[in-house]
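Notes follow the structure.
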Protein chains: 2
Amino acid sequence: MAAPVLHSSVLDRLGMDITSGVHAAGDVLTLDQLQQRFGVSRTVMREAMRILEAMNLVHSRRRVGIVVRPMPEWNVYDARVIRWRLDGPYRAEQLRTLTELRMAVEPMAAAAAARNAGPAERGHIADLAQRMRETGEDGRLEAFLEHDVAFHTLVLRSSGNEMFAALTDVVGEVLKGRTHHGLMPSPPVPVALATHDEVARAVRDGDTGAAELAMHTLLAEVRSAIDHVPGC
Amino acid sequence: MAAPVLHSSVLDRLGMDITSGVHAAGDVLTLDQLQQRFGVSRTVMREAMRILEAMNLVHSRRRVGIVVRPMPEWNVYDARVIRWRLDGPYRAEQLRTLTELRMAVEPMAAAAAARNAGPAERGHIADLAQRMRETGEDGRLEAFLEHDVAFHTLVLRSSGNEMFAALTDVVGEVLKGRTHHGLMPSPPVPVALATHDEVARAVRDGDTGAAELAMHTLLAEVRSAIDHVPGC
DNA sequence: TCCCTCGAAAGGTATCATCAATATTCGGAA
DNA sequence: TTCCGAATATTGATGATACCTTTCGAGGGA
């Protein structure tokens, strides 16, 4: 996707193996093993390992080798880690925790957006809500998803808080994951459309309390939808 | 702190230069320049660069060089990035955004802890609140800080959500940063002690609503304290 | 204007010396 | 003989170099 280059295939493979539990915490790997297994040079393997180390998935010690760290120490906010976990056997669990995170962050981000967004952004958010309504009522799922992602992205970006804004990829992945794994009602329920409208209106009018409440309502619906689909 | 490996000093220096704006977005560096500037080998420089790339601080392209990415693309949840920014000229801004993040996450984490924590954890949280009271009333700042960090850490870990638990380092850094830069009332105000107690009681009793409210109150006080200290 | 060549810089490979931590072995004392 | 501590060997990461390959941007020529 982003990188048409290098050892990213090695990284992807190893990262998935670790996040999916093929290599459990405490397992010890060595560079020699790995470079032979993937058929790459030592340098490439070392750099891939450094990236995994930066994600806190592994820890490299002299004489010992490369030890896999326990899950609580991972950088679970790293986009690649999130993608690996969403693609792996813990997808359901990851979806749950990410949705809880959204429930915590997005209402506050909406309130902040109602306070801080510029005039153009307020208008753009309203536009997106309108487009969601149109595509949703027509049952055009892909277009709907696209606008949905854009909507939440813009709210997060307009919050004036880069910690919130940095979660746009996370939210995008969750939304895409939901629709592409059949966890999304089709066509989108009218209630959801109305709630998005409410958020947009509240942000436009600068009503922080209403924005927070509407976004909270929206996500409460999302969570209950996820709760009712227990298996992956 | 962790490993006295050579590339870590290089990494720290470069990371601080980028996050503090010495190298602005779009600036182009080359490996040759950097390895000469720091007097290290290409191997070391490449591995440091890979780590910066994993943090999304830079992007490396053939023929072009190493391009500094704009701030919105950074992995601002990476512990090192947070530390660099807290140590740099944007400390005040970073403290504000992190505190907003805490306001979003910690109340929900407290509610989740009230729902999910095990019996031992509930007791331990209450203990920590008690110790905070003792050390706080005695004016023993360092010990107070230690228990404060432990308290919030344990609440986050007991939430049963690894996305929340992964923020323990962040919260720890914020708390340490606050006391060590004189943003903390000394001795701690009695109100704060009482609110911590309330959180602990609510978690112990499994009262999710009360836990969320108490934690919210606690953090509202924190934010107003920060707001009143505008400069770094 | 378009194409083509050239070269700069990263990507990748290979090999070496070094260093540190662990495992093993050896020696001496009880 | 047994046990314990110190010397030693082994192992695997770390750091440094030398040397290709690949890509792609810029500049020059048709």
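Residue numbers start at 1 in each chain; chains themselves are named A, B, ... in the order of the structure tokens; ligands are numbered from 1 in the order shown.
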### Task
With a distance threshold of 10 Å and counting only C-alpha atoms (C1' of nucleotides), extract the residues of chain A near chain D and express them as an NGL selection string.
:A and (30-32 or 46 or 60-66)
### Task
Tell me which protein, DNA and RNA residues are within 12 Å of range 176-178 of chain B, counting only C-alpha atoms (C1' of nucleotides), leaving out same-chain ones fewer than 6 positions away, and put them as a ChimeraX atom specification.
/B:82-88,91-92,94-96,98-99,141-150,169-170,184-186,222-223,225-226,229,232
### Test item: residues at most 12 Å from Pro119 in chain B, only C-alpha atoms (C1' of nucleotides), excluding those fewer than 5 positions along its chain, as a PyMOL selection string
chain B and resi 113-114+124-126+158+203-206
Per residue of chain A within 9 Å of chain C, what are the shortest atom pair and its distance in Å to one decimal, counting only C-alpha atoms (C1' of nucleotides), with rows by chain and residue number, as CSV?
residue,atom,partner,partner_atom,distance
A:Val5,CA,C:DG11,C1',8.6
A:Leu6,CA,C:DG11,C1',7.3
A:Val40,CA,C:DT13,C1',8.9
A:Ser41,CA,C:DT13,C1',6.2
A:Arg42,CA,C:DT13,C1',8.3
A:Thr43,CA,C:DG12,C1',7.9
A:Val44,CA,C:DG12,C1',7.4
A:Arg62,CA,C:DA20,C1',6.5
A:Arg63,CA,C:DA21,C1',5.6
A:Val64,CA,C:DA21,C1',7.6
Expected file: the selected residues, N, CA and C atoms, as a PDB file, in the first residue's frame:
ATOM      1  N   VAL A   5       8.153  -1.186  -1.329  1.00  0.00           N
ATOM      2  CA  VAL A   5       9.561  -1.547  -1.222  1.00  0.00           C
ATOM      3  C   VAL A   5       9.801  -2.705  -0.275  1.00  0.00           C
ATOM      4  N   LEU A   6      10.960  -3.069  -0.150  1.00  0.00           N
ATOM      5  CA  LEU A   6      11.741  -3.748   0.880  1.00  0.00           C
ATOM      6  C   LEU A   6      11.143  -4.920   1.612  1.00  0.00           C
ATOM      7  N   VAL A  40      16.359 -13.893   3.702  1.00  0.00           N
ATOM      8  CA  VAL A  40      16.844 -12.528   3.495  1.00  0.00           C
ATOM      9  C   VAL A  40      18.190 -12.365   4.203  1.00  0.00           C
ATOM     10  N   SER A  41      18.806 -11.258   3.929  1.00  0.00           N
ATOM     11  CA  SER A  41      20.121 -11.016   4.522  1.00  0.00           C
ATOM     12  C   SER A  41      19.986 -10.596   5.980  1.00  0.00           C
ATOM     13  N   ARG A  42      21.104 -10.642   6.638  1.00  0.00           N
ATOM     14  CA  ARG A  42      21.136 -10.288   8.055  1.00  0.00           C
ATOM     15  C   ARG A  42      20.690  -8.844   8.286  1.00  0.00           C
ATOM     16  N   THR A  43      21.192  -7.950   7.440  1.00  0.00           N
ATOM     17  CA  THR A  43      20.851  -6.534   7.588  1.00  0.00           C
ATOM     18  C   THR A  43      19.341  -6.324   7.513  1.00  0.00           C
ATOM     19  N   VAL A  44      18.732  -6.894   6.505  1.00  0.00           N
ATOM     20  CA  VAL A  44      17.288  -6.736   6.340  1.00  0.00           C
ATOM     21  C   VAL A  44      16.558  -7.279   7.553  1.00  0.00           C
ATOM     22  N   ARG A  62      21.615  -9.378  23.921  1.00  0.00           N
ATOM     23  CA  ARG A  62      22.816 -10.098  23.550  1.00  0.00           C
ATOM     24  C   ARG A  62      22.853 -11.464  24.199  1.00  0.00           C
ATOM     25  N   ARG A  63      23.463 -12.348  23.465  1.00  0.00           N
ATOM     26  CA  ARG A  63      23.676 -13.723  23.909  1.00  0.00           C
ATOM     27  C   ARG A  63      22.350 -14.498  24.020  1.00  0.00           C
ATOM     28  N   VAL A  64      21.234 -13.797  24.169  1.00  0.00           N
ATOM     29  CA  VAL A  64      19.968 -14.476  24.401  1.00  0.00           C
ATOM     30  C   VAL A  64      19.210 -14.670  23.099  1.00  0.00           C
TER      31      VAL A  64
END
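Within 7 Å of chain B, chain A contributes the residues A:Glu47, A:Arg50, A:Ile51, A:Ala54, A:Pro72, A:Val76, A:Tyr77, A:Thr97, A:Leu101, A:Ala104, A:Val105, A:Met108, A:Asn161, A:Glu162, A:Met163, A:Ala166, using only C-alpha atoms.
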Take the residues just selected and output them with all heavy atoms as a compact mmCIF listing (two decimals), in the first residue's frame.
# COMPACT_ATOMS: atom_id res chain seq x y z
N GLU A 47 16.85 -4.97 10.49
CA GLU A 47 16.02 -3.77 10.43
C GLU A 47 14.55 -4.11 10.70
O GLU A 47 13.86 -3.37 11.40
CB GLU A 47 16.21 -3.08 9.08
CG GLU A 47 17.59 -2.45 8.99
CD GLU A 47 17.88 -1.79 7.64
OE1 GLU A 47 16.97 -1.72 6.80
OE2 GLU A 47 19.02 -1.35 7.45
N ARG A 50 14.28 -4.40 14.31
CA ARG A 50 14.27 -3.10 14.99
C ARG A 50 12.89 -2.46 14.97
O ARG A 50 12.47 -1.82 15.93
CB ARG A 50 15.26 -2.15 14.30
CG ARG A 50 16.69 -2.42 14.61
CD ARG A 50 17.14 -1.68 15.85
NE ARG A 50 18.53 -1.97 16.12
CZ ARG A 50 18.95 -2.93 16.93
NH1 ARG A 50 18.07 -3.66 17.58
NH2 ARG A 50 20.22 -3.16 17.10
N ILE A 51 12.19 -2.65 13.86
CA ILE A 51 10.85 -2.09 13.78
C ILE A 51 9.93 -2.80 14.76
O ILE A 51 9.17 -2.16 15.49
CB ILE A 51 10.32 -2.20 12.34
CG1 ILE A 51 11.20 -1.38 11.40
CG2 ILE A 51 8.89 -1.74 12.25
CD1 ILE A 51 10.86 -1.51 9.95
N ALA A 54 10.64 -1.47 18.02
CA ALA A 54 10.06 -0.14 18.24
C ALA A 54 8.58 -0.25 18.59
O ALA A 54 8.04 0.60 19.28
CB ALA A 54 10.25 0.72 16.99
N PRO A 72 0.56 -7.13 27.00
CA PRO A 72 0.30 -5.83 27.62
C PRO A 72 1.37 -4.79 27.34
O PRO A 72 1.15 -3.60 27.57
CB PRO A 72 0.26 -6.16 29.12
CG PRO A 72 -0.12 -7.59 29.17
CD PRO A 72 0.52 -8.22 27.98
N VAL A 76 -0.09 -0.97 21.20
CA VAL A 76 -1.33 -1.35 20.50
C VAL A 76 -1.94 -0.18 19.73
O VAL A 76 -2.96 -0.38 19.07
CB VAL A 76 -2.36 -1.93 21.48
CG1 VAL A 76 -1.96 -3.33 21.90
CG2 VAL A 76 -2.52 -1.03 22.68
N TYR A 77 -1.35 0.99 19.83
CA TYR A 77 -1.85 2.11 19.03
C TYR A 77 -1.14 2.22 17.70
O TYR A 77 -1.49 3.08 16.88
CB TYR A 77 -1.71 3.43 19.81
CG TYR A 77 -2.73 3.55 20.90
CD1 TYR A 77 -2.50 3.03 22.16
CD2 TYR A 77 -3.94 4.18 20.65
CE1 TYR A 77 -3.46 3.13 23.15
CE2 TYR A 77 -4.90 4.29 21.62
CZ TYR A 77 -4.66 3.76 22.89
OH TYR A 77 -5.61 3.86 23.86
N THR A 97 -12.59 -3.68 21.99
CA THR A 97 -11.77 -2.70 22.71
C THR A 97 -11.69 -1.40 21.94
O THR A 97 -11.70 -0.31 22.53
CB THR A 97 -10.37 -3.25 22.99
OG1 THR A 97 -9.73 -3.62 21.76
CG2 THR A 97 -10.43 -4.47 23.88
N LEU A 101 -12.91 2.31 23.05
CA LEU A 101 -12.05 3.50 22.93
C LEU A 101 -12.78 4.61 22.20
O LEU A 101 -12.75 5.78 22.60
CB LEU A 101 -10.76 3.14 22.20
CG LEU A 101 -9.78 4.28 21.98
CD1 LEU A 101 -9.21 4.75 23.31
CD2 LEU A 101 -8.65 3.87 21.04
N ALA A 104 -15.14 6.36 24.36
CA ALA A 104 -14.52 7.29 25.29
C ALA A 104 -14.13 8.58 24.58
O ALA A 104 -14.38 9.68 25.09
CB ALA A 104 -13.29 6.65 25.94
N VAL A 105 -13.55 8.45 23.40
CA VAL A 105 -12.89 9.59 22.78
C VAL A 105 -13.83 10.42 21.91
O VAL A 105 -13.83 11.66 21.98
CB VAL A 105 -11.69 9.11 21.95
CG1 VAL A 105 -11.17 10.22 21.06
CG2 VAL A 105 -10.60 8.59 22.87
N MET A 108 -16.08 13.31 23.31
CA MET A 108 -15.30 14.47 23.73
C MET A 108 -14.72 15.20 22.52
O MET A 108 -14.66 16.43 22.50
CB MET A 108 -14.17 14.03 24.66
CG MET A 108 -13.42 15.20 25.23
SD MET A 108 -12.82 14.89 26.89
CE MET A 108 -14.33 14.62 27.77
N ASN A 161 -7.13 18.63 18.85
CA ASN A 161 -6.30 17.80 19.74
C ASN A 161 -5.67 16.70 18.90
O ASN A 161 -6.36 15.81 18.41
CB ASN A 161 -7.16 17.22 20.86
CG ASN A 161 -6.32 16.41 21.85
OD1 ASN A 161 -5.38 15.71 21.46
ND2 ASN A 161 -6.66 16.52 23.11
N GLU A 162 -4.35 16.75 18.78
CA GLU A 162 -3.71 15.79 17.87
C GLU A 162 -3.79 14.37 18.38
O GLU A 162 -3.69 13.42 17.60
CB GLU A 162 -2.24 16.17 17.63
CG GLU A 162 -1.32 15.95 18.82
CD GLU A 162 -1.02 17.26 19.53
OE1 GLU A 162 -1.63 18.28 19.16
OE2 GLU A 162 -0.20 17.25 20.46
N MET A 163 -4.00 14.18 19.68
CA MET A 163 -4.16 12.81 20.19
C MET A 163 -5.47 12.22 19.67
O MET A 163 -5.56 11.04 19.36
CB MET A 163 -4.15 12.79 21.71
CG MET A 163 -2.91 13.37 22.36
SD MET A 163 -1.34 12.64 21.85
CE MET A 163 -1.46 10.99 22.49
N ALA A 166 -5.12 11.67 15.83
CA ALA A 166 -4.29 10.52 15.47
C ALA A 166 -5.09 9.22 15.46
O ALA A 166 -4.59 8.20 15.01
CB ALA A 166 -3.12 10.40 16.44
### Message
Could you give the RMSD, in Å, left over when chain A is least-squares superposed onto chain B across all Cα atoms paired sequentially?
### Response
0.3 Å
### Query
Distance CA of Leu154 in chain A-CA of Leu218 in chain A, one decimal place?
16.0 Å
### Query
Near His196 in chain B, within 7 Å and counting only C-alpha atoms (C1' of nucleotides), which residues show up once chain neighbours fewer than 4 positions away are dropped, as a PyMOL selection string?
chain B and resi 129+192+200
Residues as selected, N, CA and C atoms, written as a compact mmCIF listing (two decimals), in the first residue's frame, can you do that?
# COMPACT_ATOMS: atom_id res chain seq x y z
N ALA B 129 -5.33 4.41 47.39
CA ALA B 129 -5.98 5.68 47.74
C ALA B 129 -5.63 6.06 49.18
N ALA B 192 -8.56 16.65 46.08
CA ALA B 192 -8.05 15.59 45.23
C ALA B 192 -8.02 14.26 45.99
N ALA B 200 -12.04 5.00 44.37
CA ALA B 200 -11.70 3.69 44.92
C ALA B 200 -12.93 3.01 45.51
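If you look at CA of Ala110 in chain B and CA of Asp207 in chain B, they are 9.7 Å away from each other.
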### Query
Between CA of Leu29 in chain A and CA of Ser9 in chain A, what is the spacing in Å?
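Taking CA of Ser9 in chain A as the start and CA of Leu29 in chain A as the end point, the length is 18.0 Å.
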### Query
Hey, what does DSSP flag as strand (DSSP E or B) within chain A? Can you give it to me as an NGL selection string?
:A and (28-29 or 58-61 or 65-68)
Selection to disk with N, CA and C atoms, as a short mmCIF file (atom, residue, chain, number, x, y, z; two decimals), in the first residue's frame:
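The resulting part_15.cif:
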data_model
loop_
_atom_site.label_atom_id
_atom_site.label_comp_id
_atom_site.auth_asym_id
_atom_site.auth_seq_id
_atom_site.Cartn_x
_atom_site.Cartn_y
_atom_site.Cartn_z
N VAL A 28 11.78 -17.41 22.28
CA VAL A 28 13.05 -16.82 21.87
C VAL A 28 13.34 -17.18 20.42
N LEU A 29 13.61 -16.16 19.63
CA LEU A 29 14.01 -16.37 18.24
C LEU A 29 15.45 -15.86 18.09
N VAL A 58 8.86 -7.22 20.50
CA VAL A 58 9.97 -8.09 20.88
C VAL A 58 11.04 -7.27 21.59
N HIS A 59 11.96 -7.98 22.18
CA HIS A 59 13.07 -7.33 22.84
C HIS A 59 14.34 -8.11 22.52
N SER A 60 15.34 -7.40 22.07
CA SER A 60 16.55 -8.07 21.61
C SER A 60 17.66 -7.94 22.65
N ARG A 61 18.20 -9.07 23.08
CA ARG A 61 19.26 -9.03 24.08
C ARG A 61 20.45 -9.86 23.62
N GLY A 65 19.05 -13.60 22.36
CA GLY A 65 18.26 -13.67 21.14
C GLY A 65 17.14 -12.65 21.17
N ILE A 66 16.12 -12.91 20.40
CA ILE A 66 15.00 -11.99 20.29
C ILE A 66 13.83 -12.61 21.03
N VAL A 67 13.46 -12.00 22.16
CA VAL A 67 12.39 -12.59 22.95
C VAL A 67 11.10 -11.83 22.69
N VAL A 68 10.02 -12.59 22.60
CA VAL A 68 8.71 -12.02 22.35
C VAL A 68 8.16 -11.45 23.65
#
Arg133 in chain B environment, 9 Å, only C-alpha atoms (C1' of nucleotides), sequence neighbours closer than 5 positions dropped, as a JSON list (two decimals) with all heavy atoms, in the first residue's frame:
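part_27.json, freshly written:
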[["chain", "number", "residue", "atom", "x", "y", "z"],
["B", 128, "LEU", "N", -4.17, 1.89, 47.70],
["B", 128, "LEU", "CA", -3.39, 2.97, 47.10],
["B", 128, "LEU", "C", -4.00, 4.34, 47.43],
["B", 128, "LEU", "O", -3.29, 5.30, 47.72],
["B", 128, "LEU", "CB", -3.28, 2.77, 45.60],
["B", 128, "LEU", "CG", -2.29, 1.65, 45.21],
["B", 128, "LEU", "CD1", -2.41, 1.32, 43.73],
["B", 128, "LEU", "CD2", -0.86, 2.07, 45.54],
["B", 138, "ASP", "N", 1.12, 14.20, 54.72],
["B", 138, "ASP", "CA", 2.45, 14.43, 55.29],
["B", 138, "ASP", "C", 3.32, 15.32, 54.40],
["B", 138, "ASP", "O", 4.43, 15.68, 54.78],
["B", 138, "ASP", "CB", 3.19, 13.09, 55.48],
["B", 138, "ASP", "CG", 2.59, 12.28, 56.61],
["B", 138, "ASP", "OD1", 1.62, 12.75, 57.21],
["B", 138, "ASP", "OD2", 3.12, 11.18, 56.88],
["B", 144, "PHE", "N", 4.01, 10.41, 47.30],
["B", 144, "PHE", "CA", 2.65, 10.68, 46.84],
["B", 144, "PHE", "C", 2.54, 10.43, 45.34],
["B", 144, "PHE", "O", 1.63, 9.73, 44.87],
["B", 144, "PHE", "CB", 2.26, 12.12, 47.18],
["B", 144, "PHE", "CG", 0.90, 12.50, 46.70],
["B", 144, "PHE", "CD1", -0.23, 12.13, 47.43],
["B", 144, "PHE", "CD2", 0.74, 13.21, 45.53],
["B", 144, "PHE", "CE1", -1.49, 12.47, 46.98],
["B", 144, "PHE", "CE2", -0.53, 13.55, 45.08],
["B", 144, "PHE", "CZ", -1.64, 13.19, 45.81],
["B", 190, "PRO", "N", -6.76, 18.78, 49.56],
["B", 190, "PRO", "CA", -7.62, 17.76, 50.18],
["B", 190, "PRO", "C", -8.70, 17.25, 49.24],
["B", 190, "PRO", "O", -9.08, 16.09, 49.28],
["B", 190, "PRO", "CB", -8.22, 18.48, 51.37],
["B", 190, "PRO", "CG", -7.28, 19.60, 51.67],
["B", 190, "PRO", "CD", -6.68, 20.00, 50.36],
["B", 193, "LEU", "N", -7.60, 14.33, 47.25],
["B", 193, "LEU", "CA", -7.55, 13.11, 48.05],
["B", 193, "LEU", "C", -8.93, 12.50, 48.19],
["B", 193, "LEU", "O", -9.12, 11.29, 48.02],
["B", 193, "LEU", "CB", -6.97, 13.43, 49.43],
["B", 193, "LEU", "CG", -5.53, 13.94, 49.42],
["B", 193, "LEU", "CD1", -5.09, 14.34, 50.82],
["B", 193, "LEU", "CD2", -4.60, 12.90, 48.83],
["B", 194, "ALA", "N", -9.90, 13.36, 48.45],
["B", 194, "ALA", "CA", -11.26, 12.86, 48.62],
["B", 194, "ALA", "C", -11.78, 12.23, 47.34],
["B", 194, "ALA", "O", -12.44, 11.18, 47.37],
["B", 194, "ALA", "CB", -12.17, 14.02, 49.06],
["B", 196, "HIS", "N", -10.05, 10.83, 44.89],
["B", 196, "HIS", "CA", -9.44, 9.51, 44.69],
["B", 196, "HIS", "C", -10.13, 8.46, 45.56],
["B", 196, "HIS", "O", -10.41, 7.34, 45.12],
["B", 196, "HIS", "CB", -7.93, 9.56, 45.01],
["B", 196, "HIS", "CG", -7.09, 10.08, 43.88],
["B", 196, "HIS", "ND1", -6.83, 11.42, 43.69],
["B", 196, "HIS", "CD2", -6.44, 9.43, 42.87],
["B", 196, "HIS", "CE1", -6.06, 11.57, 42.62],
["B", 196, "HIS", "NE2", -5.81, 10.39, 42.10],
["B", 197, "ASP", "N", -10.41, 8.84, 46.78],
["B", 197, "ASP", "CA", -11.13, 7.93, 47.67],
["B", 197, "ASP", "C", -12.46, 7.51, 47.08],
["B", 197, "ASP", "O", -12.83, 6.33, 47.09],
["B", 197, "ASP", "CB", -11.37, 8.63, 49.02],
["B", 197, "ASP", "CG", -10.32, 8.23, 50.05],
["B", 197, "ASP", "OD1", -9.64, 7.20, 49.83],
["B", 197, "ASP", "OD2", -10.17, 8.95, 51.05]]
For the helix (DSSP H, G or I) assignment from backbone DSSP, which residues of range 40-225 of chain B qualify? Please present them as a short mmCIF file (atom, residue, chain, number, x, y, z; two decimals) with C-alpha atoms, in the first residue's frame.
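Result saved to result-v3.cif:
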data_model
loop_
_atom_site.label_atom_id
_atom_site.label_comp_id
_atom_site.auth_asym_id
_atom_site.auth_seq_id
_atom_site.Cartn_x
_atom_site.Cartn_y
_atom_site.Cartn_z
CA ARG B 42 25.79 3.33 8.14
CA THR B 43 24.35 0.27 9.85
CA VAL B 44 23.59 2.19 13.00
CA MET B 45 22.20 5.16 11.13
CA ARG B 46 19.97 2.98 9.01
CA GLU B 47 18.52 1.22 12.01
CA ALA B 48 17.86 4.51 13.79
CA MET B 49 16.18 5.74 10.64
CA ARG B 50 14.02 2.64 10.43
CA ILE B 51 12.78 3.28 13.93
CA LEU B 52 11.96 6.89 13.11
CA GLU B 53 10.18 5.61 10.04
CA ALA B 54 8.18 3.16 12.15
CA MET B 71 3.12 16.37 12.47
CA PRO B 72 -0.42 15.06 11.89
CA GLU B 73 1.07 11.84 10.52
CA ALA B 79 6.05 6.52 24.27
CA ARG B 80 9.25 8.02 22.92
CA VAL B 81 7.46 10.59 20.82
CA ILE B 82 5.46 11.65 23.85
CA ARG B 83 8.58 11.95 25.97
CA TRP B 84 10.38 13.99 23.31
CA ARG B 85 7.46 16.35 23.02
CA LEU B 86 7.15 16.70 26.77
CA ASP B 87 10.85 17.53 26.95
CA ARG B 91 5.44 20.74 26.52
CA ALA B 92 2.46 22.89 27.46
CA GLU B 93 0.54 21.93 24.33
CA GLN B 94 1.31 18.25 24.83
CA LEU B 95 0.22 18.40 28.44
CA ARG B 96 -3.07 19.93 27.40
CA THR B 97 -3.84 17.36 24.73
CA LEU B 98 -2.81 14.47 26.97
CA THR B 99 -4.99 15.77 29.76
CA GLU B 100 -7.93 15.99 27.37
CA LEU B 101 -7.22 12.41 26.39
CA ARG B 102 -7.19 11.41 30.04
CA MET B 103 -10.51 13.17 30.54
CA ALA B 104 -11.97 11.12 27.74
CA VAL B 105 -10.52 7.75 28.67
CA GLU B 106 -10.07 7.51 32.41
CA PRO B 107 -13.71 7.95 33.46
CA MET B 108 -14.74 5.16 31.12
CA ALA B 109 -11.82 3.05 32.32
CA ALA B 110 -12.94 3.58 35.91
CA ALA B 111 -16.44 2.46 35.02
CA ALA B 112 -15.05 -0.60 33.27
CA ALA B 113 -12.86 -1.35 36.27
CA ALA B 114 -15.88 -1.17 38.54
CA ARG B 115 -17.46 -3.76 36.28
CA ASN B 116 -14.49 -6.04 35.57
CA PRO B 119 -11.39 -8.75 44.15
CA ALA B 120 -7.65 -8.38 44.75
CA GLU B 121 -7.45 -5.43 42.39
CA ARG B 122 -10.38 -3.69 44.06
CA GLY B 123 -8.67 -3.99 47.41
CA HIS B 124 -5.35 -2.85 46.01
CA ILE B 125 -6.92 0.26 44.52
CA ALA B 126 -8.43 1.15 47.88
CA ASP B 127 -5.04 0.62 49.53
CA LEU B 128 -3.39 2.97 47.10
CA ALA B 129 -5.98 5.68 47.74
CA GLN B 130 -5.30 5.30 51.46
CA ARG B 131 -1.55 5.59 50.94
CA MET B 132 -2.07 8.67 48.81
CA ARG B 133 -3.97 10.23 51.68
CA GLU B 134 -1.22 9.44 54.17
CA THR B 135 1.68 10.62 52.05
CA GLY B 136 -0.28 13.60 50.78
CA GLU B 137 -1.17 14.85 54.23
CA ASP B 138 2.45 14.43 55.29
CA LEU B 141 5.67 14.61 47.41
CA GLU B 142 7.72 11.88 45.77
CA ALA B 143 5.99 9.06 47.60
CA PHE B 144 2.65 10.68 46.84
CA LEU B 145 3.49 10.82 43.15
CA GLU B 146 4.48 7.18 43.16
CA HIS B 147 1.18 6.09 44.65
CA ASP B 148 -0.72 8.42 42.37
CA VAL B 149 0.84 6.80 39.32
CA ALA B 150 0.21 3.34 40.73
CA PHE B 151 -3.42 4.22 41.40
CA HIS B 152 -4.19 5.38 37.89
CA THR B 153 -2.14 2.55 36.40
CA LEU B 154 -4.10 -0.04 38.28
CA VAL B 155 -7.44 1.44 37.33
CA LEU B 156 -6.47 1.44 33.67
CA ARG B 157 -5.15 -2.12 33.85
CA GLU B 162 -5.88 -3.24 26.50
CA MET B 163 -6.30 0.05 24.63
CA PHE B 164 -6.94 1.73 27.96
CA ALA B 165 -4.22 -0.24 29.72
CA THR B 168 -0.52 3.79 31.61
CA ASP B 169 2.84 5.09 30.46
CA VAL B 170 1.20 8.19 29.09
CA VAL B 171 -0.58 8.92 32.33
CA GLY B 172 2.58 8.22 34.27
CA GLU B 173 4.58 10.62 32.16
CA VAL B 174 1.95 13.32 32.55
CA LEU B 175 1.84 12.95 36.31
CA LYS B 176 5.61 12.96 36.60
CA GLY B 177 5.86 15.90 34.24
CA ARG B 178 3.37 17.84 36.30
CA THR B 179 5.04 17.43 39.66
CA HIS B 180 8.54 17.84 38.32
CA PRO B 190 -7.62 17.76 50.18
CA VAL B 191 -10.26 17.74 47.45
CA ALA B 192 -8.05 15.59 45.23
CA LEU B 193 -7.55 13.11 48.05
CA ALA B 194 -11.26 12.86 48.62
CA THR B 195 -11.97 12.30 44.94
CA HIS B 196 -9.44 9.51 44.69
CA ASP B 197 -11.13 7.93 47.67
CA GLU B 198 -14.48 8.21 45.98
CA VAL B 199 -13.17 6.50 42.85
CA ALA B 200 -11.70 3.69 44.92
CA ARG B 201 -14.93 3.19 46.85
CA ALA B 202 -17.05 3.16 43.71
CA VAL B 203 -14.76 0.63 42.03
CA ARG B 204 -14.77 -1.54 45.12
CA ASP B 205 -18.56 -1.48 45.26
CA THR B 208 -19.95 1.97 37.47
CA GLY B 209 -21.84 5.25 37.34
CA ALA B 210 -20.25 6.59 40.52
CA ALA B 211 -16.79 5.51 39.40
CA GLU B 212 -17.15 7.29 36.09
CA LEU B 213 -18.48 10.43 37.74
CA ALA B 214 -15.82 10.55 40.44
CA MET B 215 -13.01 10.07 37.94
CA HIS B 216 -14.53 12.76 35.77
CA THR B 217 -14.62 15.16 38.70
CA LEU B 218 -11.04 14.34 39.53
CA LEU B 219 -9.84 15.11 36.03
CA ALA B 220 -11.90 18.25 35.71
CA GLU B 221 -9.92 19.57 38.66
CA VAL B 222 -6.69 18.55 37.00
CA ARG B 223 -7.59 20.36 33.84
CA SER B 224 -8.57 23.56 35.54
CA ALA B 225 -5.27 23.41 37.43
#
